[in-house]
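Peer 1: Pasting a structure below so you can have a look.
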Amino acid sequence: MTRQPDLLYSETEDDLRAAVRSLLADRADAQAVLGRIEGEDPYLPGLWEALAGGIGAAGLLVPEKLGGHGASHREAAVVLEELGRAVTPAPYLTSAVVATATLLALGADGGRTADLLAGLASGERVAVLAVPFATAPGTVTDPVRRVPAVADAAAADVLLVPRADGLYAVDAADVVLTRQSSLDLTRPLAVVDASGAAGVRLAGAEAGRAAVGQGLLAGAGLLASEQLGIAEWCLEETVRHTGERHQFNRPVGSFQALKHRMAQLWLELVGARAAARAAADALATGAPDAALTVAVAQAYCSKAAVHAAEECVQLHGGIGMTWEHPAHLALKRAKSDAIALGSAGRHQDTVADLVDLPAPR
Amino acid sequence: MTETPLDAARLVDRTRRLLAEHPPATTDRTAFLRARFDAGLAWVHYPAGLGGLGAPRALQAVVDAELAAAGAPDNDPRRIGIGLGMAAPTLLAYGSEEVKERFLKPLWVGEEVWCQLFSEPGAGSDLAALGTRAVRDGDEWVVNGQKVWTSSAHLARWAILLARTDPDVPKHRGITYFVCDMTDPGVEVRPLRQITGEAEFNEVFLTGVRIPDAHRLGEVGDGWRVAQTTLMNERVSIGGARIPREGGMIGKAAETWRARPDLRTHDLHRRLLDLWVDAEVARLTGERLRQQLVAGQPGPEGSAMKLGFARLNQAISSLEVELLGDEGLLYGDWAMVRPDLVDFTGRDAGYRYLRAKGNSIEGGTTEVLLNIVAERVLGLPPEPRNDKDVAWKDLAR
């Protein structure tokens, strides 16, 4: 019998969720986000400081001796559920999860890596891994000079740059960033060209590649929780709307044609929660089947979030197509997340490898 | 019996005493089960004298583990599932002392099999519309009507029965709940052949069946409420056992895929992986539900399990038939047999494909369950209804 993961939420996790939800309701509601996304950058002033420093969310993965809170992927997953629900622009997944997990995998107990981790844990610094946001864990790519679609590069003061001879930390000031127009306006993308800066080598080629793999695995696993949060908000908002909206002298949510679709979303949400919790728990406990559990969670939750967001737009009718209603924020985030850190199809291929269900020759 | 509280240690003592006095190796199976019932170790949460000790239900596991370790026979719970899961809780809640004394022991021991006479040809999803009539005649009731989808009717000694006793009031209010004697000369059981060729179920024709009023459970006209006890316990018992990764139908398809490279196509590969992921997520969902129950936080996720199980079984078995190619064109055996037990993953792929079609119909159709999820879990407004205040006799049929 395989080990049984803990799939519930602890009281500490519930408290953390309440703190993040309250902060976001206060400082980053849909109108605030809509008001920022077409400006220079979408990040809400002061929000990162409150989330990372005030609540301490940025240091959850980092051990206390390195300046963090010594929590785990389980707690970080709960933060991401809330950031997904509110489609919050914040470099949490990219810096506090992917970059942080990459640095942690280097096994630092002193020196430049440890300093950087302490800065990330406090939220005073933001680091981003300079690989395209669509990169799946386990993908081997040759470093290129101009790296496209790097998420949250605009928020970073340090970039972690994989090069042929190792992993480097490069100050953002020494890097050429070219902003790209992104489908998900709440998570800006940029082309990163770090070729003009030497940077500091944190690890050699082998160790660097392994660490990047660990960072991307943690990112993919916890992205499932962000996707869960998106799906949850989309369903709640759709149930609320269709319960209030009247046509044909009835609430439209009383029609079976609609309620069956919402019930279907609920079934997928129940599955997504189990899958996302399993992935977070597997990462937190270093379970031997972590790579499989992450691939399963990604293969499932990517689709669940996109389905929920697409249904949210459709079941809202005309209002769902307007810029004013936040349904499009969720749709754009969900669709981008489905590509981020490996598409559902790529993760299915990983499943096929790991459980010996080979493709036809 | 002493007055000290019943804890796990005392139950272990009691179980060991039973095993010492009735060694399973040398005791007749039925005699052992009767002795176990008399010792209060049948279902410890039942009252003393009725097979239990009034202990917490969770302590049953302690007894069961002790008995299993000693190689004691069990009461073959799958064979008598309807009696254990549905009839017994209702008898306990609504039966007179005489009724409980008479029925519970042979039910639990398995000497008397029970079946359930609820569904009718005209009352499936809308069970409360049932039309089997029971008319009072002195101290007896005379029953006429037809029931359908009755498992174990051909083996059953007794049945729980819903019948209409007042056609002049709205449908939910004119129903009464009875215990029906399946050996009454007015009971006729006919096998109901399914698309698989076999007959797991029966049709039951009731013609002038006489039931003593003492075998009524609950008040006259209160049968719908009594039936809720039965149906609620059915859902509790559907909780499901823990299955390993690749347990159930996906395991069969995966085995075939690994063993037969010649059968692989890209289309089937993609669909297999989709279903493998869905099956793994369904397994995790079941595990999460179990953890919620243990933590005392039961959620509505149980209804998700049945819906997901039906869809997955259908999709996986459909894939499997296609995967098998030439062999998928074959079917093991169309002979009409009457199996005592049903195994959804048993027999060949063609059988699994056909049998799985029933998974989205039996125990609540997928369509009705989606309504229940939408209205009770999500709180969506109900469909407008035109049957609530209409006398049963005036309903369209």
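Naming works like this for the structure tokens: A, B, ... for the chains as they're shown, residue 1 at the start of each chain, ligands 1 onward in shown order.
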Using DSSP on the backbone coordinates, identify all residues within segment 108-311 of chain A classified as helix (DSSP H, G or I); present the result as an MDAnalysis selection string.
Peer 2: chainID A and resid 111:122 153:155 172:174 205:244 252:254 256:285 290:311
Peer 1: Selection from above, C-alpha atoms, as a compact mmCIF listing (two decimals), in the first residue's frame, can you write it?
Peer 2:
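Saved result, out.txt, follows:
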```
# COMPACT_ATOMS: atom_id res chain seq x y z
CA GLY A 111 27.62 32.41 1.50
CA ARG A 112 25.87 34.14 -1.34
CA THR A 113 23.01 31.63 -1.69
CA ALA A 114 22.14 31.81 2.00
CA ASP A 115 22.17 35.62 1.93
CA LEU A 116 19.91 35.63 -1.05
CA LEU A 117 17.53 33.14 0.59
CA ALA A 118 17.30 35.30 3.70
CA GLY A 119 16.44 38.28 1.53
CA LEU A 120 13.75 36.31 -0.34
CA ALA A 121 12.32 34.90 2.88
CA SER A 122 11.82 38.36 4.35
CA ALA A 153 10.88 39.57 -14.24
CA ALA A 154 9.59 43.11 -13.86
CA ALA A 155 9.28 42.59 -10.10
CA ALA A 172 18.30 42.98 -12.32
CA ALA A 173 20.01 46.33 -12.84
CA ASP A 174 22.57 44.61 -15.08
CA ALA A 205 26.36 22.85 -14.23
CA GLU A 206 25.23 19.60 -12.69
CA ALA A 207 24.11 20.94 -9.31
CA GLY A 208 22.54 23.97 -10.99
CA ARG A 209 20.49 21.86 -13.36
CA ALA A 210 19.27 19.63 -10.53
CA ALA A 211 18.32 22.65 -8.43
CA VAL A 212 16.40 24.24 -11.29
CA GLY A 213 14.54 20.92 -11.69
CA GLN A 214 13.60 20.99 -8.01
CA GLY A 215 12.48 24.60 -8.25
CA LEU A 216 10.27 23.89 -11.25
CA LEU A 217 8.84 20.77 -9.59
CA ALA A 218 7.86 22.75 -6.50
CA GLY A 219 6.42 25.45 -8.75
CA ALA A 220 4.36 22.99 -10.79
CA GLY A 221 3.10 21.22 -7.68
CA LEU A 222 2.00 24.41 -5.97
CA LEU A 223 0.61 25.95 -9.15
CA ALA A 224 -2.08 23.29 -8.75
CA SER A 225 -3.21 25.08 -5.60
CA GLU A 226 -3.38 28.41 -7.43
CA GLN A 227 -5.49 26.67 -10.09
CA LEU A 228 -7.70 25.23 -7.36
CA GLY A 229 -8.23 28.74 -6.00
CA ILE A 230 -9.18 30.06 -9.44
CA ALA A 231 -11.68 27.24 -9.99
CA GLU A 232 -13.17 27.75 -6.55
CA TRP A 233 -13.74 31.49 -7.09
CA CYS A 234 -15.18 30.93 -10.57
CA LEU A 235 -17.71 28.40 -9.29
CA GLU A 236 -18.72 30.48 -6.25
CA GLU A 237 -19.16 33.59 -8.35
CA THR A 238 -21.17 31.71 -10.98
CA VAL A 239 -23.44 30.12 -8.37
CA ARG A 240 -23.98 33.54 -6.79
CA HIS A 241 -24.74 35.21 -10.11
CA THR A 242 -27.09 32.54 -11.48
CA GLY A 243 -28.95 32.43 -8.17
CA GLU A 244 -29.70 36.15 -8.46
CA VAL A 252 -31.46 31.24 -14.23
CA GLY A 253 -29.67 28.95 -11.77
CA SER A 254 -32.89 26.97 -11.37
CA GLN A 256 -31.09 22.17 -15.07
CA ALA A 257 -29.13 23.07 -18.18
CA LEU A 258 -27.14 25.46 -16.02
CA LYS A 259 -27.16 23.73 -12.66
CA HIS A 260 -25.82 20.48 -14.07
CA ARG A 261 -22.87 22.39 -15.50
CA MET A 262 -22.19 23.96 -12.13
CA ALA A 263 -22.53 20.60 -10.38
CA GLN A 264 -19.98 19.22 -12.85
CA LEU A 265 -17.60 22.05 -11.94
CA TRP A 266 -18.06 21.17 -8.29
CA LEU A 267 -17.09 17.55 -8.98
CA GLU A 268 -13.93 18.76 -10.69
CA LEU A 269 -13.25 21.15 -7.81
CA VAL A 270 -13.49 18.30 -5.31
CA GLY A 271 -10.98 16.31 -7.39
CA ALA A 272 -8.71 19.33 -7.85
CA ARG A 273 -8.60 19.89 -4.09
CA ALA A 274 -7.56 16.29 -3.42
CA ALA A 275 -4.94 16.41 -6.20
CA ALA A 276 -3.52 19.79 -5.15
CA ARG A 277 -3.35 18.81 -1.48
CA ALA A 278 -1.64 15.55 -2.42
CA ALA A 279 0.99 17.43 -4.45
CA ALA A 280 1.65 19.96 -1.67
CA ASP A 281 1.94 17.19 0.91
CA ALA A 282 4.24 15.10 -1.29
CA LEU A 283 6.57 18.09 -1.78
CA ALA A 284 6.47 18.95 1.92
CA THR A 285 7.34 15.44 3.03
CA ALA A 290 6.40 13.42 -5.44
CA ALA A 291 7.18 13.76 -9.15
CA LEU A 292 4.20 11.56 -10.05
CA THR A 293 1.86 13.31 -7.63
CA VAL A 294 2.87 16.71 -9.03
CA ALA A 295 2.35 15.53 -12.61
CA VAL A 296 -1.09 14.14 -11.72
CA ALA A 297 -2.06 17.39 -9.99
CA GLN A 298 -0.93 19.49 -12.96
CA ALA A 299 -2.60 17.23 -15.52
CA TYR A 300 -5.86 17.52 -13.60
CA CYS A 301 -5.93 21.02 -12.11
CA SER A 302 -4.89 22.83 -15.30
CA LYS A 303 -7.99 21.55 -17.03
CA ALA A 304 -10.25 22.06 -14.01
CA ALA A 305 -9.28 25.73 -13.69
CA VAL A 306 -9.70 26.48 -17.39
CA HIS A 307 -13.05 24.68 -17.47
CA ALA A 308 -14.32 26.59 -14.44
CA ALA A 309 -13.18 29.93 -15.85
CA GLU A 310 -14.69 29.25 -19.28
CA GLU A 311 -17.98 28.22 -17.71
```
Peer 1: Please identify every residue of chain B that has at least one atom no farther than 8 Å from an atom of chain A, counting only C-alpha atoms, and for each give the shortest atom pair and the distance in Å to one decimal, arranged by chain then increasing number, as CSV.
Peer 2:
```
residue,atom,partner,partner_atom,distance
B:Pro244,CA,A:Met1,CA,6.1
B:Arg245,CA,A:Thr2,CA,7.5
B:Ala254,CA,A:Leu357,CA,7.1
B:Trp257,CA,A:Leu357,CA,6.9
B:Arg258,CA,A:Leu357,CA,6.4
B:Pro261,CA,A:Pro360,CA,7.1
B:Arg264,CA,A:Pro360,CA,5.2
B:Thr265,CA,A:Pro360,CA,5.6
B:His266,CA,A:Pro360,CA,6.3
B:His269,CA,A:Ala359,CA,6.2
B:Leu273,CA,A:Gln348,CA,6.2
B:Asp274,CA,A:Gln348,CA,7.5
B:Val277,CA,A:Val296,CA,5.8
B:Asp278,CA,A:Tyr300,CA,7.3
B:Glu280,CA,A:Val296,CA,7.6
B:Val281,CA,A:Gly271,CA,5.8
B:Ala282,CA,A:Gly271,CA,6.5
B:Leu284,CA,A:Ala274,CA,5.6
B:Thr285,CA,A:Ala274,CA,5.2
B:Glu287,CA,A:Leu7,CA,7.9
B:Arg288,CA,A:Leu7,CA,5.5
B:Gln291,CA,A:Leu8,CA,7.2
B:Gln292,CA,A:Leu8,CA,7.2
B:Glu301,CA,A:Val270,CA,6.8
B:Ala304,CA,A:Leu267,CA,5.6
B:Gly308,CA,A:Leu267,CA,7.7
B:Glu367,CA,A:His260,CA,7.7
B:Leu370,CA,A:His260,CA,5.6
B:Asn371,CA,A:His260,CA,6.6
B:Val373,CA,A:Ala263,CA,5.8
B:Ala374,CA,A:Ala263,CA,5.2
B:Leu378,CA,A:Val239,CA,7.1
B:Leu380,CA,A:Gly253,CA,5.9
B:Pro381,CA,A:Ser254,CA,4.8
B:Pro382,CA,A:Ser254,CA,5.3
B:Glu383,CA,A:Ser254,CA,5.2
B:Pro384,CA,A:Ser254,CA,7.9
```
Peer 1: Any chance you can output those residues with C-alpha atoms as a CSV table (one decimal), in the first residue's frame?
Peer 2:
```csv
chain,number,residue,atom,x,y,z
B,244,PRO,CA,-4.5,1.2,-4.0
B,245,ARG,CA,-3.2,3.2,-6.9
B,254,ALA,CA,-3.2,-0.6,-17.7
B,257,TRP,CA,-1.6,-1.8,-22.2
B,258,ARG,CA,1.6,-3.0,-20.7
B,261,PRO,CA,2.4,-3.3,-27.3
B,264,ARG,CA,-1.2,0.6,-28.8
B,265,THR,CA,-2.4,3.6,-30.8
B,266,HIS,CA,-1.8,7.3,-30.2
B,269,HIS,CA,-2.7,6.3,-25.4
B,273,LEU,CA,-3.5,8.7,-19.7
B,274,ASP,CA,-6.5,11.0,-19.3
B,277,VAL,CA,-5.0,10.7,-14.1
B,278,ASP,CA,-8.8,10.9,-13.4
B,280,GLU,CA,-5.8,8.6,-9.5
B,281,VAL,CA,-7.6,11.8,-8.6
B,282,ALA,CA,-10.7,9.8,-7.8
B,284,LEU,CA,-7.2,10.7,-3.8
B,285,THR,CA,-10.7,12.2,-3.5
B,287,GLU,CA,-8.9,9.2,0.6
B,288,ARG,CA,-9.6,12.8,1.4
B,291,GLN,CA,-9.7,11.5,6.3
B,292,GLN,CA,-12.5,14.1,6.7
B,301,GLU,CA,-17.9,15.0,-1.2
B,304,ALA,CA,-19.0,13.3,-5.9
B,308,GLY,CA,-17.2,10.1,-10.7
B,367,GLU,CA,-29.0,13.4,-13.7
B,370,LEU,CA,-26.4,16.4,-10.3
B,371,ASN,CA,-29.6,18.1,-9.2
B,373,VAL,CA,-25.4,18.5,-5.8
B,374,ALA,CA,-26.6,21.7,-7.4
B,378,LEU,CA,-24.2,24.6,-4.1
B,380,LEU,CA,-28.9,26.7,-6.3
B,381,PRO,CA,-32.6,27.5,-6.6
B,382,PRO,CA,-34.9,24.4,-7.1
B,383,GLU,CA,-36.7,23.6,-10.3
B,384,PRO,CA,-40.3,24.8,-10.1
```
Peer 1: At a cut-off of 12 Å, using only C-alpha atoms, what residues contact Asp157 of chain A? Leave out same-chain residues fewer than 6 positions from it and give the result as a PyMOL selection string.
Peer 2: chain A and resi 91+95+116+119-120+123-129+169-175+177
Peer 1: Would you please give, as a short mmCIF file (atom, residue, chain, number, x, y, z; two decimals) with N, CA and C atoms, in the first residue's frame, all residues of segment 224-272 of chain A that DSSP assigns to strand (DSSP E or B) based on the backbone?
Peer 2:
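Writing the result to part.cif gives the following:
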```
data_model
loop_
_atom_site.label_atom_id
_atom_site.label_comp_id
_atom_site.auth_asym_id
_atom_site.auth_seq_id
_atom_site.Cartn_x
_atom_site.Cartn_y
_atom_site.Cartn_z
N HIS A 246 -32.39 36.87 -12.92
CA HIS A 246 -33.69 36.34 -13.34
C HIS A 246 -33.91 36.54 -14.83
N GLN A 247 -34.36 35.47 -15.49
CA GLN A 247 -34.87 35.52 -16.87
C GLN A 247 -36.02 34.52 -16.92
N ARG A 250 -37.69 33.36 -13.58
CA ARG A 250 -37.06 32.44 -12.62
C ARG A 250 -35.59 32.81 -12.49
N PRO A 251 -34.98 32.46 -11.36
CA PRO A 251 -33.52 32.58 -11.32
C PRO A 251 -32.94 31.64 -12.37
#
```
Peer 1: Which residue is closest to Leu130 of chain B? Choose from B:Ala315, B:Val321, B:Val148, B:Met336 and count only C-alpha atoms.
Peer 2: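 Distance minimum relative to Leu130 of chain B lands on B:Val148.
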Peer 1: Contacts of Gly56 of chain A at 12 Å or less, counting only C-alpha atoms, minus same-chain residues fewer than 6 places along, as an MDAnalysis selection string?
Peer 2: chainID A and resid 16 19:20 48:50 62 64 67:71 75:76 79 92 96 120:124
Peer 1: Let's have the selection written as a compact mmCIF listing (two decimals), in the first residue's frame, with N, CA, C and O atoms.
Peer 2:
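result_24.txt, written as the output of this step:
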```txt
# COMPACT_ATOMS: atom_id res chain seq x y z
N LEU A 16 -3.76 30.90 8.41
CA LEU A 16 -2.98 31.58 7.38
C LEU A 16 -3.89 32.00 6.22
O LEU A 16 -3.81 33.12 5.73
N ALA A 19 -5.85 35.06 7.11
CA ALA A 19 -5.05 36.29 7.11
C ALA A 19 -4.82 36.78 5.68
O ALA A 19 -4.97 37.97 5.39
N VAL A 20 -4.49 35.85 4.77
CA VAL A 20 -4.23 36.25 3.38
C VAL A 20 -5.52 36.75 2.73
O VAL A 20 -5.54 37.78 2.06
N TRP A 48 2.98 43.57 -1.60
CA TRP A 48 4.02 42.55 -1.41
C TRP A 48 4.63 42.65 -0.01
O TRP A 48 4.85 41.63 0.66
N GLU A 49 4.86 43.88 0.43
CA GLU A 49 5.44 44.07 1.76
C GLU A 49 4.51 43.47 2.82
O GLU A 49 4.96 42.81 3.76
N ALA A 50 3.20 43.70 2.65
CA ALA A 50 2.24 43.20 3.65
C ALA A 50 2.14 41.67 3.60
O ALA A 50 2.07 41.00 4.63
N VAL A 62 11.39 28.42 3.68
CA VAL A 62 12.79 28.60 4.11
C VAL A 62 12.94 28.24 5.58
O VAL A 62 12.16 28.71 6.41
N GLU A 64 14.17 28.15 9.46
CA GLU A 64 14.38 29.29 10.35
C GLU A 64 15.85 29.71 10.40
O GLU A 64 16.17 30.89 10.45
N GLY A 67 16.65 32.21 7.98
CA GLY A 67 15.89 33.46 8.02
C GLY A 67 14.43 33.32 7.62
O GLY A 67 13.72 34.31 7.48
N GLY A 68 13.97 32.08 7.44
CA GLY A 68 12.58 31.88 7.04
C GLY A 68 11.70 31.48 8.20
O GLY A 68 12.06 31.68 9.37
N HIS A 69 10.54 30.91 7.88
CA HIS A 69 9.58 30.53 8.92
C HIS A 69 9.51 29.03 9.14
O HIS A 69 8.74 28.55 9.95
N GLY A 70 10.31 28.28 8.39
CA GLY A 70 10.39 26.83 8.62
C GLY A 70 9.05 26.13 8.50
O GLY A 70 8.80 25.15 9.19
N ALA A 71 8.19 26.65 7.64
CA ALA A 71 6.92 25.94 7.39
C ALA A 71 7.16 25.00 6.20
O ALA A 71 8.24 24.43 6.09
N GLU A 75 1.73 24.99 3.54
CA GLU A 75 1.27 26.32 3.89
C GLU A 75 1.36 27.26 2.68
O GLU A 75 0.46 28.07 2.44
N ALA A 76 2.48 27.13 1.94
CA ALA A 76 2.62 27.97 0.74
C ALA A 76 1.48 27.69 -0.24
O ALA A 76 0.99 28.60 -0.93
N VAL A 79 -1.51 29.75 0.66
CA VAL A 79 -1.34 31.14 0.19
C VAL A 79 -1.68 31.22 -1.30
O VAL A 79 -2.40 32.13 -1.74
N TYR A 92 4.68 35.76 -6.11
CA TYR A 92 4.78 34.74 -5.06
C TYR A 92 5.22 33.39 -5.61
O TYR A 92 6.18 32.79 -5.14
N ALA A 96 8.82 33.31 -4.28
CA ALA A 96 8.75 32.62 -2.98
C ALA A 96 8.66 31.10 -3.14
O ALA A 96 8.86 30.38 -2.17
N LEU A 120 15.03 36.76 0.26
CA LEU A 120 13.75 36.31 -0.34
C LEU A 120 12.75 35.97 0.75
O LEU A 120 11.56 36.29 0.65
N ALA A 121 13.22 35.33 1.81
CA ALA A 121 12.32 34.90 2.88
C ALA A 121 11.66 36.10 3.56
O ALA A 121 10.50 36.02 3.95
N SER A 122 12.39 37.18 3.69
CA SER A 122 11.82 38.36 4.35
C SER A 122 10.95 39.15 3.38
O SER A 122 10.20 40.03 3.79
N GLY A 123 11.06 38.86 2.10
CA GLY A 123 10.31 39.61 1.10
C GLY A 123 11.01 40.88 0.68
O GLY A 123 10.53 41.62 -0.18
N GLU A 124 12.21 41.16 1.29
CA GLU A 124 12.92 42.38 0.92
C GLU A 124 13.50 42.28 -0.47
O GLU A 124 13.75 43.28 -1.13
```
Peer 1: Using atom CA of Asp184 of chain A and atom CA of Arg270 of chain B as the two end points, give the distance in Å to one decimal.
Peer 2: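 Separation of atom CA of Asp184 of chain A and atom CA of Arg270 of chain B: 28.2 Å.
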Peer 1: With a distance cut-off of 12 Å and only C-alpha atoms, select the neighbouring residues of Glu11 of chain A, excluding the residue or stretch itself and same-chain residues fewer than 6 positions from it, and output the selection as a list in words.
Peer 2: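 Answer for this query is Arg17, Ala18, Glu75 and Val78 of chain A.
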Peer 1: Show me, as a list in words, the residues that have an atom within 12 Å of Leu84 of chain B when counting only C-alpha atoms, minus same-chain residues fewer than 6 positions from it.
Peer 2: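 Counting only C-alpha atoms, the residues come to Ala42, Trp43, Asn75, Asp76, Pro77, Arg78, Thr90, Leu91, Leu92, Phe103, Leu104, Lys105, Pro106, Leu107, Trp108, Val109, Gly110, Glu112, Val113, Trp114, Cys115, Gln116, Thr230, Asn233, Glu234, Val236 and Ser237 of chain B.
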Peer 1: Can you tell me, as a ChimeraX atom specification, what residues are no more than 8 Å from Thr15 of chain B when counting only C-alpha atoms, ignoring any on the same chain fewer than 3 positions away?
Peer 2: /B:11-12,18-19,41,63,66-67
Peer 1: For atom CA of Ala340 of chain A and atom CA of Phe133 of chain A, determine how far apart the two atoms are, in Å to one decimal place.
Peer 2: 5.3 Å
Peer 1: For Ile80 of chain B, which residue out of B:Asp326, B:Glu203, B:Asp340, B:Asp394 is the nearest one, using only C-alpha atoms?
Peer 2: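 Of B:Asp326, B:Glu203, B:Asp340, B:Asp394, the one nearest Ile80 of chain B is B:Asp340, counting only C-alpha atoms.
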